There are 2 protein chains.
Amino acid sequence: MSFLDEVPWNEEGLIAAVAQDAGSGKILMVAWMNREALKETAERKEAVYWSRSRKRLWRKGEESGHVQKLVELRLDCDADAVLLKVVQVGGIACHTGRESCFFRKLEDGRWVTTDPVLKDPSLIYKT
Amino acid sequence: MSFLDEVPWNEEGLIAAVAQDAGSGKILMVAWMNREALKETAERKEAVYWSRSRKRLWRKGEESGHVQKLVELRLDCDADAVLLKVVQVGGIACHTGRESCFFRKLEDGRWVTTDPVLKDPSLIYKT
């Protein structure tokens with residue numbers, strides 16, 4: 001019985017994954033994992049997700065270098081989400097060049113961008 | 001144009017929602033919201049989710065009293081997840097009577113329960 005068997009993978013074979021900065025506690029991103037991604041994450045001690053848009057394993061940082069080193073992996077009560085506490089290499093999790101993907105905040109009924117771009121995405125992703 | 005229109009609701013009309021304790025930064029739970037739940041959450045300043053099992057709005061704390069007071073609401077870059085920073089009334093988010101739903105940690109290939117039950121669920125939920 002593997003820890004992977006305790007996950008009731010959804011109809012797409014996925015589980016939600018929340019990445020949290022192990023130091024600051026800041027929520028960095030929410031993504032998805034399939035069985036292979038969760039297995040690799042645990043083995044490599046680095047976050048590996050399933051890219052729903054690209055339909056392939058997404059080894060976080062494979063292009064950007066912004067790898068997430070796994071510190072702790074947790075499962076929730078109904079086993080439909082995992083929590084990764086990570087060290088975010090480069091201090092940037094978001095493809096927009098921001099620390100966190102949650103850079104918009106609801107203010108007076110509008111989503112307002114509150115977090116700065118730390119690095120120009122064109123310098124992160126070589127085309 | 002409402003802030004609700006910026007969410008690309010999935011095929012089930014839902015978005016993932018992560019609740020984080022506004023004080024400690026601890027991740028309390030991951031649940032789901034439909035349009036009505038997100039609208040109510042913003043209006044009432046209390047977390048309202050969509051219960052996929054019960055197929056109805058779930059005003060968090062409606063039975064347990066463990067309401068989540070909304071401090072901040074954030075949206076991620078591809079708008080498929082929201083982050084709620086909340087004050088967790090009663091200090092218990094999980095239906096198992098624990099502070100957080102993420103009470104299991106992967107250790108040596110097994111999910112190990114690490115967090116204590118703070119209150120017997122039979123005392124939380126009157127049947």
# chains A, B, ... in the order shown; residues from 1 in each chain; ligands from 1

call {"tool": "interface_residues", "arguments": {"of": "chain A", "to": "chain B", "cutoff": "6 Å", "atoms": "only C-alpha atoms", "output": "PyMOL selection string"}}
result
chain A and resi 3+25+73-77+101-102+104-106+110

call {"tool": "write_last_selection", "arguments": {"atoms": "all heavy atoms", "output": "tab-separated table (two decimals), in the first residue's frame"}}
result
chain	number	residue	atom	x	y	z
A	3	PHE	N	1.47	5.43	-0.25
A	3	PHE	CA	0.79	6.67	0.14
A	3	PHE	C	0.00	7.24	-1.03
A	3	PHE	O	-0.95	8.00	-0.84
A	3	PHE	CB	1.80	7.69	0.68
A	3	PHE	CG	2.73	8.27	-0.35
A	3	PHE	CD1	2.44	9.47	-0.96
A	3	PHE	CD2	3.89	7.60	-0.72
A	3	PHE	CE1	3.30	10.02	-1.91
A	3	PHE	CE2	4.75	8.14	-1.67
A	3	PHE	CZ	4.45	9.35	-2.27
A	25	GLY	N	5.52	31.55	5.34
A	25	GLY	CA	4.13	31.10	5.42
A	25	GLY	C	3.27	31.63	4.29
A	25	GLY	O	2.08	31.33	4.21
A	73	LEU	N	5.38	17.70	3.21
A	73	LEU	CA	4.25	17.39	2.35
A	73	LEU	C	3.10	16.91	3.23
A	73	LEU	O	3.28	16.01	4.05
A	73	LEU	CB	4.66	16.29	1.36
A	73	LEU	CG	3.71	15.88	0.25
A	73	LEU	CD1	3.32	17.06	-0.63
A	73	LEU	CD2	4.36	14.80	-0.61
A	74	ARG	N	1.94	17.55	3.07
A	74	ARG	CA	0.79	17.23	3.92
A	74	ARG	C	-0.43	16.90	3.07
A	74	ARG	O	-0.56	17.37	1.94
A	74	ARG	CB	0.47	18.40	4.86
A	74	ARG	CG	1.50	18.56	5.96
A	74	ARG	CD	1.12	19.61	6.98
A	74	ARG	NE	2.00	19.50	8.13
A	74	ARG	CZ	1.73	18.75	9.20
A	74	ARG	NH1	0.59	18.07	9.28
A	74	ARG	NH2	2.59	18.67	10.19
A	75	LEU	N	-1.33	16.11	3.67
A	75	LEU	CA	-2.55	15.69	2.99
A	75	LEU	C	-3.74	16.13	3.83
A	75	LEU	O	-3.67	16.07	5.07
A	75	LEU	CB	-2.54	14.16	2.87
A	75	LEU	CG	-3.72	13.48	2.15
A	75	LEU	CD1	-3.75	13.85	0.67
A	75	LEU	CD2	-3.61	11.96	2.31
A	76	ASP	N	-4.83	16.56	3.19
A	76	ASP	CA	-5.96	17.02	3.99
A	76	ASP	C	-6.92	15.88	4.33
A	76	ASP	O	-6.73	14.74	3.92
A	76	ASP	CB	-6.65	18.23	3.34
A	76	ASP	CG	-7.52	17.86	2.16
A	76	ASP	OD1	-7.44	16.72	1.68
A	76	ASP	OD2	-8.29	18.73	1.72
A	77	CYS	N	-7.93	16.21	5.11
A	77	CYS	CA	-8.79	15.19	5.72
A	77	CYS	C	-9.51	14.32	4.71
A	77	CYS	O	-9.64	13.11	4.90
A	77	CYS	CB	-9.79	15.83	6.68
A	77	CYS	SG	-10.73	17.20	5.96
A	101	CYS	N	1.60	33.85	-6.77
A	101	CYS	CA	0.57	33.98	-7.81
A	101	CYS	C	-0.64	34.74	-7.32
A	101	CYS	O	-1.45	35.23	-8.11
A	101	CYS	CB	0.15	32.60	-8.29
A	101	CYS	SG	1.46	31.71	-9.16
A	102	PHE	N	-0.78	34.86	-6.00
A	102	PHE	CA	-1.96	35.55	-5.44
A	102	PHE	C	-1.65	37.03	-5.25
A	102	PHE	O	-1.66	37.54	-4.13
A	102	PHE	CB	-2.37	34.90	-4.12
A	102	PHE	CG	-2.95	33.52	-4.32
A	102	PHE	CD1	-2.15	32.40	-4.24
A	102	PHE	CD2	-4.30	33.35	-4.61
A	102	PHE	CE1	-2.67	31.12	-4.44
A	102	PHE	CE2	-4.83	32.09	-4.81
A	102	PHE	CZ	-4.01	30.97	-4.73
A	104	ARG	N	-3.29	39.58	-6.53
A	104	ARG	CA	-4.45	40.46	-6.65
A	104	ARG	C	-5.35	40.32	-5.43
A	104	ARG	O	-5.61	39.21	-4.99
A	104	ARG	CB	-5.24	40.14	-7.91
A	104	ARG	CG	-4.53	40.57	-9.16
A	104	ARG	CD	-5.36	40.25	-10.39
A	104	ARG	NE	-5.37	38.83	-10.70
A	104	ARG	CZ	-6.01	38.31	-11.74
A	104	ARG	NH1	-6.69	39.09	-12.56
A	104	ARG	NH2	-5.95	37.00	-11.97
A	105	LYS	N	-5.82	41.43	-4.95
A	105	LYS	CA	-6.61	41.47	-3.73
A	105	LYS	C	-7.95	42.15	-4.05
A	105	LYS	O	-7.98	43.13	-4.81
A	105	LYS	CB	-5.83	42.30	-2.70
A	105	LYS	CG	-6.45	42.42	-1.33
A	105	LYS	CD	-5.51	43.26	-0.46
A	105	LYS	CE	-6.20	43.72	0.80
A	105	LYS	NZ	-5.33	44.60	1.59
A	106	LEU	N	-9.02	41.65	-3.46
A	106	LEU	CA	-10.33	42.27	-3.68
A	106	LEU	C	-10.44	43.52	-2.82
A	106	LEU	O	-10.33	43.46	-1.59
A	106	LEU	CB	-11.46	41.29	-3.33
A	106	LEU	CG	-12.85	41.74	-3.78
A	106	LEU	CD1	-12.94	41.79	-5.31
A	106	LEU	CD2	-13.93	40.82	-3.22
A	110	ARG	N	-13.27	45.15	-6.64
A	110	ARG	CA	-12.36	44.99	-7.79
A	110	ARG	C	-11.11	44.25	-7.36
A	110	ARG	O	-10.64	44.39	-6.24
A	110	ARG	CB	-11.96	46.37	-8.34
A	110	ARG	CG	-13.10	47.12	-9.02
A	110	ARG	CD	-12.59	48.37	-9.73
A	110	ARG	NE	-11.68	49.14	-8.88
A	110	ARG	CZ	-10.41	49.43	-9.18
A	110	ARG	NH1	-9.88	49.04	-10.31
A	110	ARG	NH2	-9.68	50.14	-8.34

call {"tool": "select_by_dssp", "arguments": {"residues": "chain A", "states": "helix (DSSP H, G or I)", "output": "ChimeraX atom specification"}}
result
/A:3-6,35-44,89-91,121-124

call {"tool": "write_last_selection", "arguments": {"atoms": "N, CA, C and O atoms", "output": "PDB file, in the first residue's frame"}}
result
ATOM      1  N   PHE A   3       1.473   5.429  -0.249  1.00  0.00           N
ATOM      2  CA  PHE A   3       0.792   6.669   0.144  1.00  0.00           C
ATOM      3  C   PHE A   3       0.001   7.243  -1.033  1.00  0.00           C
ATOM      4  O   PHE A   3      -0.947   8.001  -0.842  1.00  0.00           O
ATOM      5  N   LEU A   4       0.391   6.864  -2.228  1.00  0.00           N
ATOM      6  CA  LEU A   4      -0.295   7.348  -3.431  1.00  0.00           C
ATOM      7  C   LEU A   4      -1.689   6.739  -3.567  1.00  0.00           C
ATOM      8  O   LEU A   4      -2.586   7.331  -4.161  1.00  0.00           O
ATOM      9  N   ASP A   5      -1.838   5.545  -2.989  1.00  0.00           N
ATOM     10  CA  ASP A   5      -3.129   4.847  -3.099  1.00  0.00           C
ATOM     11  C   ASP A   5      -4.193   5.455  -2.194  1.00  0.00           C
ATOM     12  O   ASP A   5      -5.377   5.149  -2.340  1.00  0.00           O
ATOM     13  N   GLU A   6      -3.769   6.295  -1.251  1.00  0.00           N
ATOM     14  CA  GLU A   6      -4.748   6.899  -0.341  1.00  0.00           C
ATOM     15  C   GLU A   6      -5.391   8.148  -0.927  1.00  0.00           C
ATOM     16  O   GLU A   6      -6.278   8.738  -0.314  1.00  0.00           O
ATOM     17  N   ARG A  35      -0.776  11.293 -10.254  1.00  0.00           N
ATOM     18  CA  ARG A  35      -0.077  10.316  -9.417  1.00  0.00           C
ATOM     19  C   ARG A  35       1.442  10.389  -9.616  1.00  0.00           C
ATOM     20  O   ARG A  35       2.215  10.383  -8.665  1.00  0.00           O
ATOM     21  N   GLU A  36       1.844  10.502 -10.860  1.00  0.00           N
ATOM     22  CA  GLU A  36       3.273  10.546 -11.180  1.00  0.00           C
ATOM     23  C   GLU A  36       3.922  11.807 -10.595  1.00  0.00           C
ATOM     24  O   GLU A  36       5.050  11.762 -10.090  1.00  0.00           O
ATOM     25  N   ALA A  37       3.209  12.912 -10.667  1.00  0.00           N
ATOM     26  CA  ALA A  37       3.740  14.173 -10.143  1.00  0.00           C
ATOM     27  C   ALA A  37       3.930  14.097  -8.631  1.00  0.00           C
ATOM     28  O   ALA A  37       4.957  14.544  -8.097  1.00  0.00           O
ATOM     29  N   LEU A  38       2.960  13.530  -7.944  1.00  0.00           N
ATOM     30  CA  LEU A  38       3.065  13.428  -6.483  1.00  0.00           C
ATOM     31  C   LEU A  38       4.195  12.462  -6.097  1.00  0.00           C
ATOM     32  O   LEU A  38       4.961  12.731  -5.167  1.00  0.00           O
ATOM     33  N   LYS A  39       4.303  11.380  -6.848  1.00  0.00           N
ATOM     34  CA  LYS A  39       5.372  10.406  -6.606  1.00  0.00           C
ATOM     35  C   LYS A  39       6.747  11.067  -6.797  1.00  0.00           C
ATOM     36  O   LYS A  39       7.632  10.965  -5.939  1.00  0.00           O
ATOM     37  N   GLU A  40       6.888  11.774  -7.906  1.00  0.00           N
ATOM     38  CA  GLU A  40       8.170  12.437  -8.192  1.00  0.00           C
ATOM     39  C   GLU A  40       8.495  13.514  -7.169  1.00  0.00           C
ATOM     40  O   GLU A  40       9.644  13.692  -6.770  1.00  0.00           O
ATOM     41  N   THR A  41       7.465  14.252  -6.765  1.00  0.00           N
ATOM     42  CA  THR A  41       7.654  15.309  -5.763  1.00  0.00           C
ATOM     43  C   THR A  41       8.236  14.722  -4.481  1.00  0.00           C
ATOM     44  O   THR A  41       9.188  15.269  -3.909  1.00  0.00           O
ATOM     45  N   ALA A  42       7.664  13.611  -4.049  1.00  0.00           N
ATOM     46  CA  ALA A  42       8.134  12.971  -2.819  1.00  0.00           C
ATOM     47  C   ALA A  42       9.538  12.401  -2.990  1.00  0.00           C
ATOM     48  O   ALA A  42      10.359  12.475  -2.076  1.00  0.00           O
ATOM     49  N   GLU A  43       9.826  11.865  -4.146  1.00  0.00           N
ATOM     50  CA  GLU A  43      11.127  11.240  -4.384  1.00  0.00           C
ATOM     51  C   GLU A  43      12.238  12.258  -4.594  1.00  0.00           C
ATOM     52  O   GLU A  43      13.325  12.129  -4.032  1.00  0.00           O
ATOM     53  N   ARG A  44      11.948  13.260  -5.430  1.00  0.00           N
ATOM     54  CA  ARG A  44      12.980  14.244  -5.768  1.00  0.00           C
ATOM     55  C   ARG A  44      13.120  15.326  -4.720  1.00  0.00           C
ATOM     56  O   ARG A  44      14.080  16.085  -4.738  1.00  0.00           O
ATOM     57  N   VAL A  89      13.221  28.748  -4.601  1.00  0.00           N
ATOM     58  CA  VAL A  89      14.489  29.234  -5.158  1.00  0.00           C
ATOM     59  C   VAL A  89      14.225  30.487  -5.995  1.00  0.00           C
ATOM     60  O   VAL A  89      13.265  30.531  -6.774  1.00  0.00           O
ATOM     61  N   GLY A  90      15.018  31.500  -5.796  1.00  0.00           N
ATOM     62  CA  GLY A  90      14.862  32.759  -6.536  1.00  0.00           C
ATOM     63  C   GLY A  90      13.808  33.684  -5.944  1.00  0.00           C
ATOM     64  O   GLY A  90      13.682  34.829  -6.373  1.00  0.00           O
ATOM     65  N   GLY A  91      13.022  33.147  -4.993  1.00  0.00           N
ATOM     66  CA  GLY A  91      12.009  33.981  -4.349  1.00  0.00           C
ATOM     67  C   GLY A  91      10.849  34.353  -5.259  1.00  0.00           C
ATOM     68  O   GLY A  91      10.062  35.249  -4.940  1.00  0.00           O
ATOM     69  N   PRO A 121       9.500  38.948 -16.633  1.00  0.00           N
ATOM     70  CA  PRO A 121       9.336  37.583 -17.142  1.00  0.00           C
ATOM     71  C   PRO A 121      10.174  37.300 -18.389  1.00  0.00           C
ATOM     72  O   PRO A 121      10.589  36.155 -18.602  1.00  0.00           O
ATOM     73  N   SER A 122      10.442  38.319 -19.200  1.00  0.00           N
ATOM     74  CA  SER A 122      11.226  38.076 -20.419  1.00  0.00           C
ATOM     75  C   SER A 122      12.672  37.727 -20.079  1.00  0.00           C
ATOM     76  O   SER A 122      13.397  37.168 -20.899  1.00  0.00           O
ATOM     77  N   LEU A 123      13.082  38.063 -18.848  1.00  0.00           N
ATOM     78  CA  LEU A 123      14.429  37.696 -18.400  1.00  0.00           C
ATOM     79  C   LEU A 123      14.418  36.325 -17.716  1.00  0.00           C
ATOM     80  O   LEU A 123      15.463  35.710 -17.504  1.00  0.00           O
ATOM     81  N   ILE A 124      13.203  35.873 -17.337  1.00  0.00           N
ATOM     82  CA  ILE A 124      13.077  34.569 -16.678  1.00  0.00           C
ATOM     83  C   ILE A 124      12.967  33.454 -17.715  1.00  0.00           C
ATOM     84  O   ILE A 124      13.594  32.408 -17.590  1.00  0.00           O
TER      85      ILE A 124
END

call {"tool": "atom_distance", "arguments": {"atom1": "atom CA of Asn34 of chain A", "atom2": "atom CA of Arg54 of chain A"}}
result
13.4 Å

call {"tool": "closest_residue", "arguments": {"among": "B:Gly23, B:Val117, B:Tyr125, B:Glu12", "to": "Gly61 of chain B", "atoms": "only C-alpha atoms"}}
result
B:Tyr125

call {"tool": "atom_distance", "arguments": {"atom1": "atom CA of Leu57 of chain B", "atom2": "atom CA of Trp32 of chain A"}}
result
24.2 Å
